[in-house]
Amino acid sequence: MWTVIKYKKDKMNLLKKDLIEKLGSEIKFYIPKIKYQQIKKNKVFFLEHKILGDYFFLFHNKLKNFESTNLIKYCKGLKLILNGFQNSQKEIVEFVSKCKSCEDNDGFVSQNF
């Protein structure tokens, strides 16, 4: 089951590690990113930007149970878990699949998304 999680930007790696400890290794993380170029003083810079800001998608089969969401509620680096993700599974799956279909070889969502 997919869930939407808001995290502290500087503690992302700590949160991932804590989630793997509590739920197991069969977790799927999805953070859609876009890559764009910026020109400053006749130099080209490639920048990446997270589309959802400080939110990401998390998939694990244990999240169907309410007790499992309580288990991850107090992970380090977690700001909040969005409520109502159980009722919005169809929309979340459609969004994730649309983002994945528009990705290039490097894992970035294309500009025409």
# chains A, B, ... in the order shown; residues from 1 in each chain; ligands from 1
$ residues_around --residues "Ile81 in chain A" --least-positions-apart "2" --cutoff "12 Å" --atoms "only C-alpha atoms" --output "list of chain:residue names"
A:Trp2, A:Thr3, A:Val4, A:Ile5, A:Lys6, A:Tyr7, A:Asp54, A:Tyr55, A:Phe56, A:Phe57, A:Leu58, A:Leu63, A:Ser68, A:Thr69, A:Asn70, A:Leu71, A:Ile72, A:Lys73, A:Tyr74, A:Cys75, A:Gly77, A:Leu78, A:Lys79, A:Asn83, A:Gly84, A:Phe85, A:Gln86
$ residues_around --residues "Gly24 in chain A" --least-positions-apart "6" --cutoff "12 Å" --atoms "only C-alpha atoms" --output "PyMOL selection string"
chain A and resi 16-18+59-63+68+72
$ closest_atom_pairs --of "range 11-32 of chain A" --to "range 94-107 of chain A" --cutoff "10 Å" --atoms "only C-alpha atoms" --output "Markdown table"
| residue | atom | partner | partner_atom | distance |
| --- | --- | --- | --- | --- |
| A:Tyr30 | CA | A:Val96 | CA | 7.9 |
| A:Ile31 | CA | A:Val96 | CA | 9.4 |
| A:Pro32 | CA | A:Cys99 | CA | 6.9 |
$ write_last_selection --atoms "all heavy atoms" --output "compact mmCIF listing (two decimals), in the first residue's frame"
# COMPACT_ATOMS: atom_id res chain seq x y z
N TYR A 30 9.65 6.38 -3.64
CA TYR A 30 9.56 7.07 -4.93
C TYR A 30 9.54 8.57 -4.69
O TYR A 30 8.63 9.09 -4.03
CB TYR A 30 8.32 6.64 -5.72
CG TYR A 30 8.33 7.25 -7.10
CD1 TYR A 30 9.30 6.91 -8.02
CD2 TYR A 30 7.39 8.20 -7.46
CE1 TYR A 30 9.34 7.49 -9.27
CE2 TYR A 30 7.42 8.77 -8.72
CZ TYR A 30 8.39 8.41 -9.61
OH TYR A 30 8.44 9.00 -10.84
N ILE A 31 10.57 9.23 -5.22
CA ILE A 31 10.70 10.68 -5.12
C ILE A 31 10.85 11.21 -6.54
O ILE A 31 11.93 11.11 -7.12
CB ILE A 31 11.92 11.07 -4.26
CG1 ILE A 31 11.85 10.41 -2.90
CG2 ILE A 31 12.03 12.58 -4.14
CD1 ILE A 31 13.10 10.54 -2.08
N PRO A 32 9.78 11.75 -7.14
CA PRO A 32 9.90 12.25 -8.51
C PRO A 32 10.74 13.53 -8.57
O PRO A 32 10.54 14.45 -7.80
CB PRO A 32 8.46 12.51 -8.94
CG PRO A 32 7.69 12.63 -7.67
CD PRO A 32 8.42 11.85 -6.63
$ select_by_dssp --residues "chain A" --states "helix (DSSP H, G or I)" --output "ChimeraX atom specification"
/A:9-23,61-64,66-72,89-101
$ residues_around --residues "Leu47 in chain A" --least-positions-apart "5" --cutoff "6 Å" --atoms "only C-alpha atoms" --output "list in words"
Lys35, Tyr36 and Gln37 of chain A
$ write_last_selection --atoms "N, CA and C atoms" --output "compact mmCIF listing (two decimals), in the first residue's frame"
# COMPACT_ATOMS: atom_id res chain seq x y z
N LYS A 35 15.04 17.42 -13.94
CA LYS A 35 16.37 17.98 -14.18
C LYS A 35 16.22 19.09 -15.20
N TYR A 36 16.82 20.23 -14.91
CA TYR A 36 16.74 21.36 -15.83
C TYR A 36 18.09 22.07 -15.85
N GLN A 37 18.26 22.90 -16.86
CA GLN A 37 19.52 23.63 -16.97
C GLN A 37 19.30 25.11 -16.72
$ atom_distance --atom1 "CA of Lys50 in chain A" --atom2 "CA of Phe108 in chain A"
9.5 Å
